[in-house]
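Structure data follow from final09.txt (compact mmCIF, C-alpha atoms):
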```
# COMPACT_ATOMS: atom_id res chain seq x y z
CA MET A 1 -15.92 -43.73 -2.70
CA ASN A 2 -16.00 -43.49 1.07
CA LEU A 3 -18.93 -41.21 1.76
CA GLU A 4 -18.71 -41.50 5.53
CA ARG A 5 -15.04 -40.59 5.56
CA GLY A 6 -15.79 -37.59 3.35
CA ARG A 7 -18.25 -36.29 5.91
CA GLU A 8 -15.83 -36.86 8.78
CA THR A 9 -13.09 -34.78 7.18
CA ALA A 10 -15.32 -31.86 6.31
CA ALA A 11 -14.84 -28.50 7.90
CA PRO A 12 -17.17 -27.51 10.74
CA GLY A 13 -20.58 -26.68 9.36
CA ALA A 14 -20.03 -28.63 6.15
CA ALA A 15 -22.75 -31.16 7.02
CA ARG A 16 -25.33 -28.58 5.99
CA SER A 17 -26.18 -29.25 2.37
CA ALA A 18 -25.53 -26.57 -0.22
CA VAL A 19 -29.01 -27.41 -1.58
CA PRO A 20 -31.92 -25.91 0.43
CA THR A 21 -34.25 -28.42 2.12
CA ASP A 22 -37.23 -27.80 -0.16
CA GLU A 23 -35.10 -28.24 -3.26
CA ARG A 24 -33.62 -31.45 -1.83
CA GLU A 25 -37.13 -32.84 -1.34
CA ILE A 26 -37.92 -32.09 -4.99
CA LEU A 27 -34.72 -33.91 -5.99
CA PHE A 28 -35.74 -36.90 -3.85
CA GLU A 29 -39.03 -37.13 -5.73
CA ARG A 30 -37.33 -36.92 -9.10
CA TRP A 31 -34.71 -39.52 -8.15
CA ALA A 32 -37.37 -41.90 -6.87
CA ALA A 33 -39.41 -41.49 -10.08
CA ARG A 34 -36.39 -42.17 -12.25
CA HIS A 35 -34.47 -44.80 -10.30
CA GLY A 36 -36.77 -46.37 -7.70
CA VAL A 37 -37.18 -45.99 -3.97
CA ASP A 38 -33.64 -47.06 -2.97
CA ALA A 39 -31.73 -44.65 -5.20
CA PRO A 40 -32.53 -41.34 -3.44
CA ARG A 41 -30.69 -42.31 -0.25
CA HIS A 42 -27.49 -43.17 -2.12
CA LEU A 43 -27.74 -40.09 -4.30
CA ALA A 44 -28.27 -37.95 -1.20
CA GLU A 45 -25.10 -39.45 0.31
CA ALA A 46 -23.25 -38.48 -2.86
CA GLU A 47 -24.58 -34.91 -2.51
CA ASP A 48 -23.39 -34.80 1.11
CA PHE A 49 -20.00 -36.11 0.03
CA ALA A 50 -19.75 -33.40 -2.65
CA ASP A 51 -20.53 -30.79 0.03
CA ALA A 52 -17.81 -32.24 2.24
CA VAL A 53 -15.27 -32.14 -0.58
CA ALA A 54 -16.18 -28.53 -1.36
CA ALA A 55 -15.71 -27.61 2.30
CA ALA A 56 -12.37 -29.43 2.47
CA ILE A 57 -10.90 -27.64 -0.54
CA THR A 58 -12.21 -24.19 0.35
CA SER A 59 -9.30 -21.99 1.41
CA GLU A 60 -9.11 -20.45 4.87
CA ASN A 61 -9.18 -17.00 3.26
CA THR A 62 -12.46 -17.76 1.50
CA THR A 63 -14.02 -19.16 4.67
CA ALA A 64 -12.90 -16.10 6.62
CA THR A 65 -14.34 -13.78 3.95
CA TYR A 66 -17.74 -15.51 4.10
CA ALA A 67 -17.78 -15.27 7.91
CA LYS A 68 -16.72 -11.61 7.82
CA SER A 69 -19.39 -10.72 5.23
CA TRP A 70 -22.08 -12.45 7.25
CA ARG A 71 -21.13 -10.34 10.28
CA VAL A 72 -21.57 -7.24 8.12
CA TRP A 73 -24.98 -8.55 7.03
CA ALA A 74 -25.96 -9.23 10.65
CA ARG A 75 -25.07 -5.66 11.63
CA PHE A 76 -27.16 -4.35 8.74
CA CYS A 77 -30.15 -6.46 9.76
CA VAL A 78 -29.94 -5.24 13.36
CA SER A 79 -29.59 -1.63 12.21
CA SER A 80 -32.54 -1.81 9.80
CA GLY A 81 -34.80 -4.15 11.74
CA LEU A 82 -34.86 -6.71 8.93
CA PRO A 83 -34.65 -10.53 9.38
CA GLU A 84 -31.31 -12.20 8.67
CA ASP A 85 -32.85 -15.05 6.68
CA GLU A 86 -34.54 -12.92 4.01
CA GLY A 87 -32.80 -12.10 0.72
CA SER A 88 -35.50 -10.24 -1.17
CA ARG A 89 -34.83 -7.61 -3.81
CA GLY A 90 -35.61 -4.74 -1.45
CA THR A 91 -33.47 -6.16 1.33
CA LEU A 92 -30.41 -6.64 -0.88
CA VAL A 93 -30.72 -3.18 -2.46
CA ALA A 94 -31.07 -1.65 1.00
CA PHE A 95 -27.99 -3.62 2.09
CA ILE A 96 -25.98 -2.10 -0.76
CA ALA A 97 -27.09 1.44 0.09
CA TRP A 98 -26.33 0.91 3.78
CA MET A 99 -22.83 -0.43 3.07
CA LEU A 100 -21.93 2.49 0.84
CA ARG A 101 -23.40 5.04 3.26
CA GLU A 102 -22.33 3.87 6.73
CA GLY A 103 -21.55 0.15 6.74
CA GLN A 104 -18.16 0.21 8.46
CA HIS A 105 -17.80 0.06 12.22
CA ASN A 106 -16.60 3.67 12.23
CA GLY A 107 -19.82 4.81 10.55
CA LYS A 108 -18.22 5.43 7.15
CA GLY A 109 -19.13 3.74 3.91
CA TYR A 110 -17.36 0.82 2.29
CA ALA A 111 -15.57 1.07 -1.02
CA PRO A 112 -17.74 -0.33 -3.85
CA SER A 113 -15.34 -3.25 -4.35
CA SER A 114 -15.76 -4.27 -0.70
CA ALA A 115 -19.54 -3.89 -0.95
CA SER A 116 -19.53 -6.15 -4.01
CA THR A 117 -17.53 -8.82 -2.17
CA HIS A 118 -19.83 -8.71 0.84
CA LEU A 119 -22.94 -8.95 -1.35
CA ALA A 120 -21.66 -12.06 -3.16
CA ALA A 121 -20.71 -13.77 0.11
CA VAL A 122 -24.02 -12.91 1.77
CA VAL A 123 -26.00 -14.38 -1.13
CA VAL A 124 -24.05 -17.62 -0.69
CA GLY A 125 -24.69 -17.51 3.06
CA LEU A 126 -28.41 -16.92 2.60
CA ARG A 127 -28.77 -19.84 0.20
CA GLN A 128 -26.80 -22.12 2.52
CA ARG A 129 -29.27 -21.22 5.27
CA GLY A 130 -32.25 -22.13 3.12
CA ALA A 131 -33.27 -18.65 1.97
CA ALA A 132 -34.39 -18.25 -1.63
CA VAL A 133 -32.38 -15.56 -3.45
CA SER A 134 -33.34 -15.28 -7.08
CA GLY A 135 -31.00 -14.21 -9.83
CA ASP A 136 -33.24 -11.23 -10.57
CA ASP A 137 -33.08 -10.03 -6.95
CA GLN A 138 -29.31 -10.29 -6.92
CA ALA A 139 -29.10 -8.52 -10.29
CA ALA A 140 -31.17 -5.65 -8.91
CA ALA A 141 -28.70 -5.24 -6.06
CA ARG A 142 -25.79 -5.30 -8.51
CA LYS A 143 -27.49 -2.64 -10.63
CA ALA A 144 -28.00 -0.48 -7.53
CA LEU A 145 -24.33 -0.88 -6.67
CA GLU A 146 -23.26 0.23 -10.15
CA ASP A 147 -25.56 3.26 -10.15
CA LEU A 148 -24.67 4.36 -6.63
CA THR A 149 -20.97 3.94 -7.38
CA LEU A 150 -21.40 6.22 -10.38
CA GLN A 151 -23.04 8.81 -8.14
CA LEU A 152 -20.06 8.68 -5.79
CA LEU A 153 -17.65 9.16 -8.69
CA GLN A 154 -19.67 12.08 -10.02
CA ALA A 155 -19.51 13.61 -6.54
CA GLY A 156 -15.71 13.38 -6.65
CA GLU A 157 -15.35 10.53 -4.17
CA ARG A 158 -12.71 7.85 -4.79
CA ARG A 159 -13.01 5.11 -2.22
CA GLY A 160 -10.50 2.38 -1.53
CA ARG A 161 -6.74 2.22 -1.68
CA GLY A 162 -6.37 2.66 -5.40
CA GLN A 163 -3.46 1.28 -7.35
CA ALA A 164 -0.41 0.45 -5.29
CA ILE A 165 2.61 2.67 -5.77
CA GLY A 166 6.30 2.11 -5.41
CA ALA A 167 8.63 2.71 -2.50
CA ASP A 168 10.88 5.66 -1.96
CA ILE A 169 14.53 4.93 -1.31
CA ASP A 170 14.38 6.28 2.24
CA GLY A 171 11.59 3.84 3.03
CA LEU A 172 13.61 0.88 1.79
CA TYR A 173 16.63 1.88 3.89
CA ALA A 174 14.42 2.43 6.94
CA VAL A 175 12.95 -1.06 6.60
CA ALA A 176 16.34 -2.71 6.15
CA ARG A 177 17.84 -0.90 9.15
CA ALA A 178 14.84 -1.61 11.39
CA CYS A 179 15.33 -5.39 11.19
CA PRO A 180 17.49 -6.63 14.11
CA ASN A 181 20.44 -8.98 13.71
CA THR A 182 18.43 -12.09 14.53
CA LEU A 183 16.94 -14.88 12.47
CA THR A 184 13.56 -13.19 12.76
CA GLY A 185 15.08 -9.89 11.67
CA ASP A 186 16.79 -11.51 8.68
CA ARG A 187 13.55 -13.23 7.70
CA ASP A 188 11.53 -10.03 7.97
CA LYS A 189 14.04 -8.10 5.92
CA ALA A 190 14.04 -10.76 3.20
CA LEU A 191 10.25 -10.99 3.36
CA VAL A 192 9.69 -7.29 2.74
CA LEU A 193 12.48 -6.63 0.23
CA THR A 194 11.67 -9.62 -1.96
CA GLY A 195 7.92 -9.12 -1.57
CA PHE A 196 8.19 -5.53 -2.70
CA HIS A 197 10.18 -6.43 -5.80
CA TYR A 198 7.67 -8.95 -7.13
CA ALA A 199 4.57 -7.02 -5.94
CA SER A 200 3.49 -9.78 -3.60
CA ARG A 201 0.28 -10.10 -1.66
CA SER A 202 0.40 -11.37 1.92
CA GLN A 203 -0.56 -14.91 0.89
CA ASP A 204 2.23 -15.16 -1.70
CA PRO A 205 5.26 -15.49 0.61
CA ALA A 206 3.17 -17.59 3.02
CA GLY A 207 2.63 -20.17 0.30
CA LEU A 208 6.17 -20.31 -1.07
CA LEU A 209 8.37 -23.37 -0.64
CA ALA A 210 12.15 -23.22 -0.69
CA GLY A 211 12.08 -24.94 -4.07
CA ASP A 212 9.93 -22.14 -5.47
CA VAL A 213 12.78 -19.65 -5.01
CA THR A 214 15.81 -20.43 -7.14
CA GLU A 215 19.13 -18.60 -7.44
CA HIS A 216 20.49 -17.50 -10.81
CA PRO A 217 23.57 -15.48 -11.76
CA TYR A 218 21.48 -12.33 -12.07
CA GLY A 219 19.38 -12.86 -8.93
CA LEU A 220 16.31 -14.91 -7.93
CA VAL A 221 13.36 -16.43 -9.75
CA VAL A 222 10.25 -16.80 -7.58
CA ALA A 223 7.53 -19.18 -8.78
CA VAL A 224 4.38 -17.45 -7.49
CA LEU A 225 0.99 -19.17 -7.51
CA THR A 226 -1.59 -16.78 -8.92
CA GLY A 227 -5.36 -16.84 -9.33
CA LYS A 228 -8.17 -17.62 -6.88
CA THR A 229 -9.99 -20.30 -8.85
CA LYS A 230 -7.90 -21.22 -11.89
CA HIS A 231 -4.37 -21.33 -10.55
CA SER A 232 -1.28 -20.65 -12.61
CA VAL A 233 2.35 -19.92 -11.82
CA ARG A 234 4.21 -16.79 -12.80
CA ASN A 235 7.98 -16.64 -12.55
CA ALA A 236 8.92 -13.35 -10.92
CA LYS A 237 12.52 -12.26 -11.48
CA ILE A 238 14.35 -10.32 -8.77
CA VAL A 239 17.74 -8.89 -9.68
CA TYR A 240 20.62 -7.82 -7.46
CA ALA A 241 20.45 -4.24 -6.16
CA HIS A 242 23.49 -1.99 -6.49
CA ASP A 243 23.55 -1.32 -2.74
CA PRO A 244 23.91 -4.55 -0.69
CA GLU A 245 22.07 -2.97 2.25
CA ILE A 246 18.75 -2.98 0.40
CA CYS A 247 19.42 -5.88 -1.96
CA PRO A 248 16.53 -8.39 -1.89
CA VAL A 249 18.65 -11.21 -3.33
CA ARG A 250 21.42 -10.90 -0.74
CA ALA A 251 18.81 -10.54 2.02
CA TYR A 252 17.04 -13.75 1.04
CA VAL A 253 20.27 -15.75 0.61
CA ALA A 254 21.58 -14.55 3.98
CA TYR A 255 18.31 -15.42 5.73
CA ARG A 256 18.20 -18.95 4.28
CA ALA A 257 21.86 -19.57 5.12
CA ARG A 258 21.28 -18.48 8.73
CA LEU A 259 18.15 -20.63 9.00
CA VAL A 260 20.09 -23.75 7.95
CA ALA A 261 23.09 -22.91 10.13
CA GLU A 262 20.99 -22.38 13.27
CA HIS A 263 18.26 -24.99 12.82
CA GLY A 264 19.70 -27.78 10.72
CA ALA A 265 20.22 -28.93 7.16
CA ARG A 266 16.65 -30.17 6.82
CA TRP A 267 15.58 -26.56 6.21
CA ALA A 268 17.61 -26.62 2.99
CA GLU A 269 15.18 -29.16 1.50
CA PRO A 270 13.12 -27.79 -1.43
CA SER A 271 9.90 -28.98 0.23
CA THR A 272 10.34 -26.78 3.33
CA PRO A 273 8.66 -23.34 3.60
CA ALA A 274 10.61 -20.49 2.07
CA PHE A 275 9.62 -18.21 4.97
CA VAL A 276 9.29 -19.87 8.36
CA GLY A 277 7.40 -18.93 11.46
CA ILE A 278 9.58 -18.07 14.46
CA ASP A 279 8.30 -17.75 18.02
CA ARG A 280 9.48 -15.25 20.66
CA TRP A 281 12.14 -17.68 21.87
CA GLY A 282 13.67 -18.01 18.40
CA ARG A 283 12.26 -21.46 17.72
CA VAL A 284 11.12 -22.32 14.20
CA THR A 285 7.45 -23.29 14.26
CA GLY A 286 6.92 -24.27 10.62
CA GLY A 287 5.62 -22.27 7.70
CA MET A 288 4.02 -18.83 7.83
CA VAL A 289 0.35 -18.12 7.10
CA PRO A 290 -1.00 -14.87 5.58
CA ASP A 291 -1.94 -13.50 9.00
CA SER A 292 1.57 -14.02 10.36
CA VAL A 293 3.02 -12.36 7.26
CA THR A 294 0.74 -9.37 7.83
CA ARG A 295 1.77 -9.15 11.50
CA ALA A 296 5.45 -9.25 10.52
CA VAL A 297 4.94 -6.38 8.08
CA LYS A 298 3.10 -4.33 10.70
CA ARG A 299 5.93 -4.93 13.16
CA ILE A 300 8.51 -3.76 10.62
CA SER A 301 6.43 -0.68 9.83
CA THR A 302 6.33 0.27 13.52
CA ARG A 303 10.05 -0.21 14.00
CA ALA A 304 11.00 1.57 10.79
CA GLY A 305 8.64 4.47 11.36
CA VAL A 306 7.43 4.39 7.74
CA PRO A 307 4.19 3.10 6.21
CA VAL A 308 4.60 -0.52 5.15
CA ALA A 309 1.33 -2.19 4.20
CA TRP A 310 -0.20 -4.83 1.98
CA THR A 311 -2.70 -3.44 -0.49
CA GLY A 312 -5.17 -5.46 -2.51
CA GLN A 313 -2.54 -6.05 -5.18
CA SER A 314 0.96 -5.58 -3.77
CA LEU A 315 3.25 -4.25 -1.06
CA ARG A 316 3.61 -0.50 -0.60
CA ILE A 317 6.50 1.05 1.34
CA GLY A 318 7.13 4.54 2.60
CA LEU A 319 4.80 6.64 0.48
CA ALA A 320 1.44 8.26 1.13
CA PRO A 321 -1.72 6.94 -0.60
CA PRO A 322 -2.18 7.94 -4.26
CA ALA A 323 -3.66 11.32 -5.08
CA GLY A 324 -7.42 11.35 -4.85
CA ILE A 325 -7.60 9.03 -1.82
CA ARG A 326 -8.57 11.54 0.86
CA ALA A 327 -10.39 11.16 4.14
CA ARG A 328 -13.59 13.11 4.66
CA THR A 329 -15.91 13.55 7.56
CA ALA A 330 -18.61 10.91 7.87
CA SER A 331 -22.23 11.94 7.52
CA PRO A 332 -24.48 11.41 10.54
CA SER A 333 -26.01 7.95 10.81
CA PRO A 334 -29.76 7.87 10.14
CA GLY A 335 -30.17 5.72 13.23
CA PRO A 336 -31.35 2.14 13.84
CA GLY A 337 -34.23 0.96 11.73
CA ARG A 338 -33.90 3.76 9.16
CA LEU A 339 -32.48 2.87 5.78
CA GLY A 340 -32.15 6.46 4.60
CA PRO A 341 -30.95 7.66 1.18
CA LEU A 342 -27.36 7.50 0.05
CA ALA A 343 -27.27 11.28 -0.15
CA GLY A 344 -24.47 12.69 1.93
CA ALA A 345 -22.34 9.55 1.71
CA THR A 346 -18.73 10.21 2.59
CA MET A 347 -15.42 8.82 1.55
CA PRO A 348 -13.49 6.83 4.17
CA PRO A 349 -9.74 6.42 4.40
CA PRO A 350 -8.37 3.10 3.12
CA ALA A 351 -10.21 0.37 5.03
CA SER A 352 -8.36 -1.92 7.40
CA PRO A 353 -8.22 -5.56 6.21
CA ASP A 354 -9.46 -6.51 9.69
CA ASP A 355 -12.53 -4.27 9.50
CA ASP A 356 -15.79 -6.18 9.08
```
With the file now loaded, output its structure as structure tokens.
Amino acid sequence: MNLERGRETAAPGAARSAVPTDEREILFERWAARHGVDAPRHLAEAEDFADAVAAAITSENTTATYAKSWRVWARFCVSSGLPEDEGSRGTLVAFIAWMLREGQHNGKGYAPSSASTHLAAVVVGLRQRGAAVSGDDQAAARKALEDLTLQLLQAGERRGRGQAIGADIDGLYAVARACPNTLTGDRDKALVLTGFHYASRSQDPAGLLAGDVTEHPYGLVVAVLTGKTKHSVRNAKIVYAHDPEICPVRAYVAYRARLVAEHGARWAEPSTPAFVGIDRWGRVTGGMVPDSVTRAVKRISTRAGVPVAWTGQSLRIGLAPPAGIRARTASPSPGPGRLGPLAGATMPPPASPDDD
């Protein structure tokens, strides 16, 4: 086991141990008592290597979520006058109340699901920075989140996007007609039409290889990787549409054929990305990432003049948010340094995925 190499390949910031300094010192004493004075150094190297491996296999999305949540925490600490490196029961409960009341940049409250995600990430961040966060303190914050969420529901507020809904036929036609007759246009059309039919998330098409999408007499079968921790593959079936103009199967086949014709037979290999990145000069730059998929969808939405957006679960085209998701006026902020009650909390419109 090459411990030094493991540390070299770690992501930036991975050298910091996941175990706080005081706990590491306790481990050193135990190791020395059990195995002698030489063992603790080697065991510490193994701990550092494990940290490096964890950093190397952590997805970019997870890393970005942790960074985003810590920025939310930093804004809360500035607003309330509390230290960033303290994760006490009162601090975490106050953090929950602040997020639900006014935590977003626009002064509106987060949806409870977003607040839950930020809390979990902040606890990880605090522990990585050496702060002691007990299970009881975190449980108290979770209990506050549940109770405050119930209050919001009783007040008639439904925050968040809600369950994704289907597309109307006009929206599908608008999307198909908004894509220009270029390789990028063909890719975008195939991206949206196929993504809609198997309820994709932005990371799904970004992770697909050509070999994951297979043609069958009735259409396509897309092998989609699912799950954040325990991965599995679901085979999504996409059938031919009656109208060729909005047919996801024909759109995908046409896009792949054009890609091979314009950029070479190597793009027909099963190991190549199913959806490729294309720069402004029409050059293929490799595979897409979730951010580039999101930008492509936003571009199509602008051109088509219809809402096209990724929700937490799938792609939504052309229809307004579900009933019950309504924007309301934000309550006045209690001002810096004042935690304030949750009373008067307001319901925001669906939050932007870029909002932190």
Quiz item: What is the atom CA of Tyr252 of chain A to atom CA of Ala190 of chain A distance in Å?
Solution: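 That distance, rounded to one decimal, is 4.8 Å.
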Pick from A:Ala274, A:Leu152, A:Ala74, A:Ala115 nearest to Gly207 of chain A, counting only C-alpha atoms: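 That would be A:Ala274, the residue with the smallest distance to Gly207 of chain A.
Residues in contact range of Ala176 of chain A, defined as at most 9 Å between only C-alpha atoms, with sequence neighbours fewer than 2 positions away removed, read Gly171, Leu172, Tyr173, Ala174, Ala178, Cys179, Pro180, Asp188, Lys189, Ala190, Val192, Leu193, Glu245, Ile246 and Ala304 of chain A.
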- Message: Need the shell around segment 138-147 of chain A: protein/DNA/RNA residues with any atom at most 12 Å away, counting only C-alpha atoms. Skip same-chain ones fewer than 6 positions apart. Format as a ChimeraX atom specification?
- Response: /A:87-101,110-124,126-127,132,153-154,342
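Residues in contact with Val72 of chain A at up to 9 Å, not including ones fewer than 2 positions away on its chain and judged by all atoms listed in the file, are Ala67, Lys68, Ser69, Trp70, Ala74, Arg75, Phe76, Cys77, Met99, Gly103, Gln104, His118, Val122 and Asp356 of chain A.
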Correct to one decimal, the distance atom CA of Pro83 of chain A-atom CA of Leu150 of chain A is 29.1 Å
Between atom CA of Gly219 of chain A and atom CA of Tyr240 of chain A lies a distance of 5.4 Å
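In this comparison, which uses all atoms listed in the file, the residue of A:Tyr66, A:Glu157, A:Val222, A:Val276 approaching Arg234 of chain A most closely is A:Val222.
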Can you report as lines of an AutoDock Vina configuration file the centre and edge lengths in Å, to one decimal, of an axis-aligned box around the listed atoms of segment 41-53 of chain A padded with 6 Å on each side?
```
center_x = -23.0
center_y = -37.0
center_z = -1.0
size_x = 27.4
size_y = 24.4
size_z = 18.5
```
In terms of all atoms listed in the file, the residue from A:Gly125, A:Asp170, A:Ser271, A:Arg299 at minimal distance from Thr63 of chain A is A:Gly125
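For the point (2.0, -17.9, 9.0) in file coordinates, the residues within 12 Å, using only C-alpha atoms, are Ser202, Gln203, Asp204, Pro205, Ala206, Gly207, Leu208, Pro273, Ala274, Phe275, Val276, Gly277, Ile278, Asp279, Val284, Thr285, Gly286, Gly287, Met288, Val289, Pro290, Asp291, Ser292, Val293, Thr294, Arg295, Ala296 and Val297 of chain A.
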Item to check | Closest of A:Ala44, A:Ala236, A:Val133, A:Cys247 to Val175 of chain A - atom-to-atom distances counting all atoms listed in the file | outcome: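 Result for the nearest residue to Val175 of chain A: A:Cys247.
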May I ask which of the residues A:Ala155, A:Ile238, A:Arg280, A:Val306 is the closest one to Thr182 of chain A, counting only C-alpha atoms?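 For Thr182 of chain A, the nearest of the candidates is A:Arg280.
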